>>> print(open('work.cif').read())   # mmCIF, C-alpha atoms
data_target
loop_
_atom_site.label_atom_id
_atom_site.label_comp_id
_atom_site.auth_asym_id
_atom_site.auth_seq_id
_atom_site.Cartn_x
_atom_site.Cartn_y
_atom_site.Cartn_z
CA MET K 1 0.00 0.00 0.00
CA THR K 2 2.81 2.42 0.91
CA THR K 3 4.64 1.71 -2.34
CA ILE K 4 1.52 2.23 -4.44
CA SER K 5 0.72 5.45 -2.59
CA ALA K 6 4.27 6.74 -3.03
CA ASN K 7 4.26 5.85 -6.72
CA THR K 8 0.94 7.60 -7.20
CA GLN K 9 2.21 10.72 -5.47
CA THR K 10 5.40 10.72 -7.54
CA ASN K 11 3.38 10.34 -10.73
CA HIS K 12 1.11 13.20 -9.69
CA ARG K 13 4.09 15.47 -9.06
CA ALA K 14 5.61 14.58 -12.42
CA ARG K 15 2.36 15.46 -14.18
CA SER K 16 2.14 18.70 -12.19
CA LEU K 17 5.65 19.72 -13.22
CA PHE K 18 4.93 18.84 -16.84
CA LEU K 19 1.83 21.01 -16.76
CA LEU K 20 3.85 23.85 -15.22
CA VAL K 21 6.35 23.60 -18.07
CA VAL K 22 3.51 23.71 -20.60
CA ALA K 23 2.02 26.77 -18.91
CA ALA K 24 5.40 28.56 -18.72
CA ALA K 25 6.11 27.82 -22.38
CA SER K 26 2.64 29.07 -23.30
CA ILE K 27 3.21 32.31 -21.40
CA GLY K 28 6.52 32.77 -23.20
CA LEU K 29 4.73 32.32 -26.51
CA LEU K 30 2.09 34.87 -25.52
CA VAL K 31 4.83 37.42 -24.81
CA VAL K 32 6.23 37.14 -28.36
CA LEU K 33 2.95 36.40 -30.14
CA ARG K 34 2.18 39.95 -31.23
CA PRO K 35 5.57 40.49 -32.91
CA LEU K 36 5.22 37.09 -34.58
CA ILE K 37 1.79 38.04 -35.93
CA GLN K 38 3.15 41.30 -37.29
CA ALA K 39 6.08 39.55 -38.92
CA ALA K 40 3.81 36.93 -40.49
CA ALA K 41 1.96 39.53 -42.59
CA LEU K 42 -1.40 37.79 -42.17
CA PRO K 43 -4.45 38.98 -44.16
CA GLU K 44 -6.04 42.17 -42.84
CA LEU K 45 -9.18 41.61 -40.76
CA HIS K 46 -9.88 45.22 -39.74
CA PRO K 47 -8.76 48.59 -41.15
CA VAL K 48 -7.61 49.87 -37.73
CA LEU K 49 -4.17 48.37 -37.18
CA ARG K 50 -4.55 47.97 -33.42
CA VAL K 51 -7.91 46.22 -33.76
CA ASP K 52 -6.59 44.01 -36.54
CA LEU K 53 -3.59 42.93 -34.44
CA ASP K 54 -5.73 42.28 -31.38
CA ILE K 55 -8.23 40.16 -33.30
CA LYS K 56 -5.47 37.91 -34.54
CA TYR K 57 -3.74 37.83 -31.16
CA GLN K 58 -6.88 37.00 -29.18
CA VAL K 59 -7.92 34.19 -31.54
CA LEU K 60 -4.48 32.55 -31.47
CA ALA K 61 -4.11 33.10 -27.71
CA LEU K 62 -7.52 31.54 -27.12
CA ALA K 63 -6.48 28.49 -29.13
CA LEU K 64 -3.37 28.20 -26.97
CA ALA K 65 -5.47 28.47 -23.81
CA LEU K 66 -7.79 25.71 -25.02
CA VAL K 67 -4.79 23.45 -25.65
CA ASN K 68 -3.63 24.11 -22.08
CA LEU K 69 -7.09 23.30 -20.75
CA LEU K 70 -7.25 20.10 -22.77
CA ILE K 71 -3.89 18.95 -21.43
CA THR K 72 -4.98 19.88 -17.91
CA TYR K 73 -8.17 17.87 -18.26
CA VAL K 74 -6.35 14.82 -19.60
CA LEU K 75 -3.80 14.91 -16.76
CA PHE K 76 -6.13 15.87 -13.90
CA PRO K 77 -9.77 15.15 -14.84
CA THR K 78 -11.05 15.00 -11.25
CA ASN K 79 -9.48 18.27 -10.15
CA PHE K 80 -10.47 19.88 -13.46
CA ARG K 81 -14.14 19.12 -12.89
CA ARG K 82 -13.83 20.23 -9.26
CA PHE K 83 -12.63 23.75 -10.13
CA ALA K 84 -14.22 24.28 -13.57
CA ARG K 85 -17.32 25.99 -12.23
CA MET K 86 -18.45 29.41 -11.06
CA GLY K 87 -17.62 28.57 -7.46
CA ASN K 88 -19.25 29.26 -4.11
CA SER K 89 -19.04 32.95 -3.24
CA GLN K 90 -20.56 32.35 0.20
CA VAL K 91 -17.52 30.46 1.53
CA HIS K 92 -15.28 32.16 4.07
CA PRO K 93 -11.74 33.05 2.95
CA VAL K 94 -8.55 32.07 4.70
CA PRO K 95 -7.82 35.28 6.66
CA VAL K 96 -5.08 37.70 5.58
CA LYS K 97 -5.04 40.40 8.25
CA ALA K 98 -2.64 42.63 6.32
CA LEU K 99 -5.21 42.92 3.54
CA GLY K 100 -8.24 43.18 5.79
CA ILE K 101 -9.48 39.72 4.81
CA ASN K 102 -11.16 38.20 7.88
CA ALA K 103 -12.52 34.74 8.61
CA LYS K 104 -16.03 36.12 9.03
CA ASP K 105 -16.01 37.57 5.49
CA THR K 106 -17.34 35.75 2.44
CA TRP K 107 -15.77 35.66 -0.99
CA ARG K 108 -18.69 37.66 -2.28
CA GLY K 109 -17.64 40.58 -0.12
CA VAL K 110 -13.92 40.03 -0.65
CA GLY K 111 -14.42 39.75 -4.39
CA ILE K 112 -16.47 42.93 -4.65
CA ASN K 113 -14.04 44.90 -2.50
CA PHE K 114 -10.96 43.85 -4.44
CA ALA K 115 -12.71 44.24 -7.79
CA ILE K 116 -13.31 47.89 -6.91
CA VAL K 117 -9.93 48.60 -5.31
CA ILE K 118 -7.78 46.87 -7.93
CA THR K 119 -9.72 48.44 -10.80
CA LEU K 120 -9.29 51.89 -9.25
CA VAL K 121 -5.55 51.36 -8.79
CA THR K 122 -5.20 50.14 -12.38
CA SER K 123 -7.22 53.12 -13.63
CA VAL K 124 -5.02 55.61 -11.77
CA PHE K 125 -1.86 53.97 -13.07
CA LEU K 126 -3.12 54.09 -16.67
CA TYR K 127 -4.35 57.66 -16.25
CA LEU K 128 -0.89 58.78 -15.18
CA ASN K 129 1.33 56.58 -17.36
CA VAL K 130 -0.65 55.85 -20.54
CA LEU K 131 -3.18 58.65 -20.87
CA LYS K 132 -0.73 61.16 -19.36
CA GLY K 133 -3.52 62.83 -17.44
CA ASP K 134 -5.67 63.42 -20.51
CA LEU K 135 -9.13 61.83 -20.52
CA SER K 136 -10.40 63.70 -23.58
CA ALA K 137 -10.14 60.74 -25.96
CA VAL K 138 -11.56 58.07 -23.64
CA GLY K 139 -15.19 58.84 -24.43
CA SER K 140 -14.74 58.62 -28.19
CA ALA K 141 -12.69 55.43 -27.80
CA VAL K 142 -15.50 53.80 -25.82
CA ILE K 143 -18.10 54.89 -28.38
CA ASP K 144 -16.06 53.79 -31.40
CA PHE K 145 -14.58 50.58 -30.00
CA ALA K 146 -16.90 49.42 -27.18
CA PRO K 147 -17.62 45.95 -28.67
CA PHE K 148 -13.91 45.31 -29.24
CA ILE K 149 -12.98 46.55 -25.77
CA LEU K 150 -15.45 44.19 -24.10
CA ILE K 151 -14.73 41.17 -26.32
CA PHE K 152 -10.96 41.55 -26.13
CA ALA K 153 -11.11 42.03 -22.35
CA ALA K 154 -13.28 38.93 -21.91
CA LEU K 155 -11.08 36.78 -24.15
CA ASN K 156 -7.81 38.04 -22.73
CA ALA K 157 -8.99 37.45 -19.17
CA PHE K 158 -10.12 33.93 -20.08
CA THR K 159 -6.85 33.10 -21.81
CA GLU K 160 -4.56 34.38 -19.09
CA GLU K 161 -6.65 32.90 -16.29
CA ALA K 162 -6.69 29.52 -18.02
CA ILE K 163 -2.93 29.40 -18.52
CA THR K 164 -1.52 31.16 -15.46
CA ARG K 165 -4.16 30.37 -12.87
CA PHE K 166 -6.56 27.53 -13.55
CA THR K 167 -4.01 25.02 -14.82
CA VAL K 168 -1.69 25.76 -11.90
CA VAL K 169 -4.41 25.42 -9.26
CA VAL K 170 -5.77 22.23 -10.82
CA GLY K 171 -2.37 20.65 -11.41
CA PHE K 172 -0.86 21.36 -7.99
CA GLU K 173 -3.93 20.86 -5.79
CA GLY K 174 -2.94 18.31 -3.16
CA VAL K 175 0.70 18.23 -4.28
CA VAL K 176 2.08 21.26 -2.44
CA PRO K 177 0.44 23.63 0.07
CA ARG K 178 -2.13 25.97 -1.40
CA SER K 179 -0.09 28.98 -0.33
CA ALA K 180 2.78 27.74 -2.50
CA VAL K 181 0.44 27.16 -5.46
CA ALA K 182 -0.80 30.75 -5.22
CA LEU K 183 2.81 31.99 -5.24
CA ILE K 184 3.60 29.89 -8.32
CA SER K 185 0.63 31.46 -10.08
CA ALA K 186 1.75 34.91 -8.94
CA LEU K 187 5.18 34.37 -10.50
CA LEU K 188 3.77 33.00 -13.74
CA PHE K 189 1.43 35.94 -14.06
CA GLY K 190 3.68 38.64 -12.66
CA LEU K 191 7.00 38.14 -14.44
CA PRO K 192 5.68 38.45 -18.04
CA HIS K 193 4.05 41.76 -17.10
CA TYR K 194 7.51 43.29 -17.02
CA PHE K 195 6.89 43.63 -20.76
CA GLY K 196 3.17 44.35 -20.45
CA THR K 197 0.84 47.05 -19.17
CA PRO K 198 1.41 48.06 -16.45
CA GLY K 199 5.06 47.21 -17.15
CA GLY K 200 8.45 47.20 -15.46
CA VAL K 201 8.99 46.31 -11.83
CA VAL K 202 5.77 48.04 -10.81
CA GLY K 203 3.86 45.95 -13.35
CA VAL K 204 5.44 42.75 -12.05
CA LEU K 205 4.51 43.56 -8.46
CA MET K 206 0.96 44.63 -9.31
CA ALA K 207 0.32 41.64 -11.56
CA GLY K 208 2.01 39.30 -9.09
CA PHE K 209 -0.28 40.42 -6.29
CA ILE K 210 -3.35 40.03 -8.50
CA GLY K 211 -2.13 36.59 -9.58
CA TRP K 212 -1.77 35.51 -5.97
CA LEU K 213 -5.18 36.87 -4.97
CA LEU K 214 -7.02 35.33 -7.93
CA ALA K 215 -5.38 31.94 -7.39
CA LYS K 216 -6.53 32.16 -3.78
CA SER K 217 -10.07 32.89 -4.99
CA ILE K 218 -10.14 29.79 -7.21
CA GLN K 219 -8.79 27.58 -4.43
CA GLU K 220 -11.20 28.76 -1.77
CA THR K 221 -14.38 29.14 -3.82
CA GLU K 222 -13.49 26.12 -5.98
CA GLY K 223 -14.51 28.10 -9.02
CA VAL K 224 -13.30 30.66 -11.53
CA TRP K 225 -15.88 33.45 -11.33
CA TRP K 226 -14.00 35.97 -9.22
CA SER K 227 -10.65 35.32 -10.89
CA TRP K 228 -12.11 35.88 -14.35
CA PHE K 229 -14.36 38.81 -13.38
CA ILE K 230 -11.69 40.81 -11.56
CA HIS K 231 -9.24 40.16 -14.40
CA PHE K 232 -11.90 41.17 -16.94
CA LEU K 233 -12.45 44.51 -15.23
CA GLN K 234 -8.72 45.29 -15.35
CA ASP K 235 -8.57 44.43 -19.02
CA VAL K 236 -11.59 46.61 -19.82
CA VAL K 237 -9.78 49.60 -18.30
CA ILE K 238 -6.53 48.70 -20.07
CA PHE K 239 -8.12 48.31 -23.50
CA MET K 240 -10.03 51.57 -23.03
CA ALA K 241 -6.74 53.34 -22.40
CA PHE K 242 -5.07 51.67 -25.39
CA PHE K 243 -7.84 52.64 -27.77
CA ALA K 244 -7.89 56.18 -26.39
CA VAL K 245 -4.28 56.75 -27.45
CA LEU K 246 -4.53 55.28 -30.95
#
>>> encode(input="work.cif", output="structure tokens")
Amino acid sequence: MTTISANTQTNHRARSLFLLVVAAASIGLLVVLRPLIQAAALPELHPVLRVDLDIKYQVLALALALVNLLITYVLFPTNFRRFARMGNSQVHPVPVKALGINAKDTWRGVGINFAIVITLVTSVFLYLNVLKGDLSAVGSAVIDFAPFILIFAALNAFTEEAITRFTVVVGFEGVVPRSAVALISALLFGLPHYFGTPGGVVGVLMAGFIGWLLAKSIQETEGVWWSWFIHFLQDVVIFMAFFAVL
């Protein structure tokens, strides 16, 4: 019995590490995907260059996310089905006193609070560093590109959550402590944002914190709603800023 149990655990760890390698490779591909698309000179899908590039990027990134999800399901079908749901927002979080997260709270309250706070912080950062304090073009960008902003934000949040969060939580559940899994997700999500928006060290720290928090939400609610929704809100703000400075 001991030998079988040990062999099973070793096999689980090997599959977890393989999945981590797949996720890390996928993230690396996402980082260079836009330049690759531009170099490939693919047929034009939209007259606005930024929209055209984002359409191609989001479709290819979504395909990559689906491959990651398929591999995750094949390797960990039980855990996949356990976490592939909206989740229970009425569960109590593991307390984090430094962040004001208490045992008496529910994830509904925690999720709403952090959705507001993180979105405000992201908005301020973009206002200062991308829009340069000028909001004059935001209104026209929303009017002209609203469908693209919402669709791109939804797809991007799905893709990044699938690769950097869901696969990690599913693959490492029961292998290492949940706190370590959340940190792994934070690193996977944070480091590539050195080249993203927000970028640099600040971007890494901001994205790393969000990655940790959203992994925690999946683990504790056993669902993806809050991780996707909070991520979606950030991406809405980011795409609004991008389209405002076209």
>>> atom_distance(input="work.cif", atom1="CA of Gly28 in chain K", atom2="CA of Pro192 in chain K")
7.7 Å
>>> atom_distance(input="work.cif", atom1="CA of Leu150 in chain K", atom2="CA of His193 in chain K")
20.9 Å
>>> resolve_selection(input="work.cif", expression="the PyMOL selection byres ((chain K and resi 205-207) around 10)", output="PDB file with C-alpha atoms, in the frame of the given file")
ATOM      1  CA  ILE K 118      -7.780  46.870  -7.930  1.00  0.00           C
ATOM      2  CA  VAL K 121      -5.550  51.360  -8.790  1.00  0.00           C
ATOM      3  CA  THR K 122      -5.200  50.140 -12.380  1.00  0.00           C
ATOM      4  CA  ALA K 186       1.750  34.910  -8.940  1.00  0.00           C
ATOM      5  CA  LEU K 187       5.180  34.370 -10.500  1.00  0.00           C
ATOM      6  CA  LEU K 188       3.770  33.000 -13.740  1.00  0.00           C
ATOM      7  CA  PHE K 189       1.430  35.940 -14.060  1.00  0.00           C
ATOM      8  CA  GLY K 190       3.680  38.640 -12.660  1.00  0.00           C
ATOM      9  CA  LEU K 191       7.000  38.140 -14.440  1.00  0.00           C
ATOM     10  CA  PRO K 192       5.680  38.450 -18.040  1.00  0.00           C
ATOM     11  CA  HIS K 193       4.050  41.760 -17.100  1.00  0.00           C
ATOM     12  CA  TYR K 194       7.510  43.290 -17.020  1.00  0.00           C
ATOM     13  CA  GLY K 196       3.170  44.350 -20.450  1.00  0.00           C
ATOM     14  CA  THR K 197       0.840  47.050 -19.170  1.00  0.00           C
ATOM     15  CA  PRO K 198       1.410  48.060 -16.450  1.00  0.00           C
ATOM     16  CA  GLY K 199       5.060  47.210 -17.150  1.00  0.00           C
ATOM     17  CA  GLY K 200       8.450  47.200 -15.460  1.00  0.00           C
ATOM     18  CA  VAL K 201       8.990  46.310 -11.830  1.00  0.00           C
ATOM     19  CA  VAL K 202       5.770  48.040 -10.810  1.00  0.00           C
ATOM     20  CA  GLY K 203       3.860  45.950 -13.350  1.00  0.00           C
ATOM     21  CA  VAL K 204       5.440  42.750 -12.050  1.00  0.00           C
ATOM     22  CA  GLY K 208       2.010  39.300  -9.090  1.00  0.00           C
ATOM     23  CA  PHE K 209      -0.280  40.420  -6.290  1.00  0.00           C
ATOM     24  CA  ILE K 210      -3.350  40.030  -8.500  1.00  0.00           C
ATOM     25  CA  GLY K 211      -2.130  36.590  -9.580  1.00  0.00           C
ATOM     26  CA  TRP K 212      -1.770  35.510  -5.970  1.00  0.00           C
ATOM     27  CA  LEU K 213      -5.180  36.870  -4.970  1.00  0.00           C
TER      28      LEU K 213
END
>>> resolve_selection(input="work.cif", expression="the PyMOL selection byres ((chain K and resi 125-134) around 8)", output="PDB file with C-alpha atoms, in the coordinates of the input")
ATOM      1  CA  VAL K 121      -5.550  51.360  -8.790  1.00  0.00           C
ATOM      2  CA  THR K 122      -5.200  50.140 -12.380  1.00  0.00           C
ATOM      3  CA  SER K 123      -7.220  53.120 -13.630  1.00  0.00           C
ATOM      4  CA  VAL K 124      -5.020  55.610 -11.770  1.00  0.00           C
ATOM      5  CA  LEU K 135      -9.130  61.830 -20.520  1.00  0.00           C
ATOM      6  CA  SER K 136     -10.400  63.700 -23.580  1.00  0.00           C
ATOM      7  CA  ALA K 137     -10.140  60.740 -25.960  1.00  0.00           C
ATOM      8  CA  PRO K 198       1.410  48.060 -16.450  1.00  0.00           C
ATOM      9  CA  ILE K 238      -6.530  48.700 -20.070  1.00  0.00           C
ATOM     10  CA  ALA K 241      -6.740  53.340 -22.400  1.00  0.00           C
ATOM     11  CA  PHE K 242      -5.070  51.670 -25.390  1.00  0.00           C
ATOM     12  CA  ALA K 244      -7.890  56.180 -26.390  1.00  0.00           C
ATOM     13  CA  VAL K 245      -4.280  56.750 -27.450  1.00  0.00           C
TER      14      VAL K 245
END
>>> atom_distance(input="work.cif", atom1="CA of Ala14 in chain K", atom2="CA of Gly174 in chain K")
13.1 Å
>>> resolve_selection(input="work.cif", expression="the PyMOL selection byres ((chain K and resi 57) around 12)", output="number ranges by chain")
K: 29-38, 42, 45, 50-56, 58-64, 152, 155-156, 159
>>> closest_residue(input="work.cif", among="K:Ala98, K:Ile163, K:Leu120, K:Ala153", to="Phe232 in chain K", atoms="all atoms listed in the file")
K:Ala153
>>> closest_residue(input="work.cif", among="K:Val224, K:Ala162, K:Leu49, K:Val91", to="Ser26 in chain K", atoms="only C-alpha atoms")
K:Ala162
>>> residues_around(input="work.cif", residues="Phe83 in chain K", least_positions_apart="5", cutoff="10 Å", atoms="all atoms listed in the file", output="JSON, numbers by chain")
{"K": [78, 166, 167, 169, 170, 218, 219, 220, 221, 222, 223, 224]}
>>> closest_residue(input="work.cif", among="K:Asp144, K:Asp105, K:Phe158, K:Val67", to="Val48 in chain K", atoms="all atoms listed in the file")
K:Asp144
>>> residues_around(input="work.cif", residues="range 18-21 of chain K", least_positions_apart="4", cutoff="8 Å", atoms="only C-alpha atoms", output="NGL selection string")
:K and (14 or 25 or 71-72 or 167-168 or 171)
>>> residues_around(input="work.cif", residues="Leu233 in chain K", least_positions_apart="4", cutoff="7 Å", atoms="all atoms listed in the file", output="list in words")
Thr119, Phe229 and Val237 of chain K
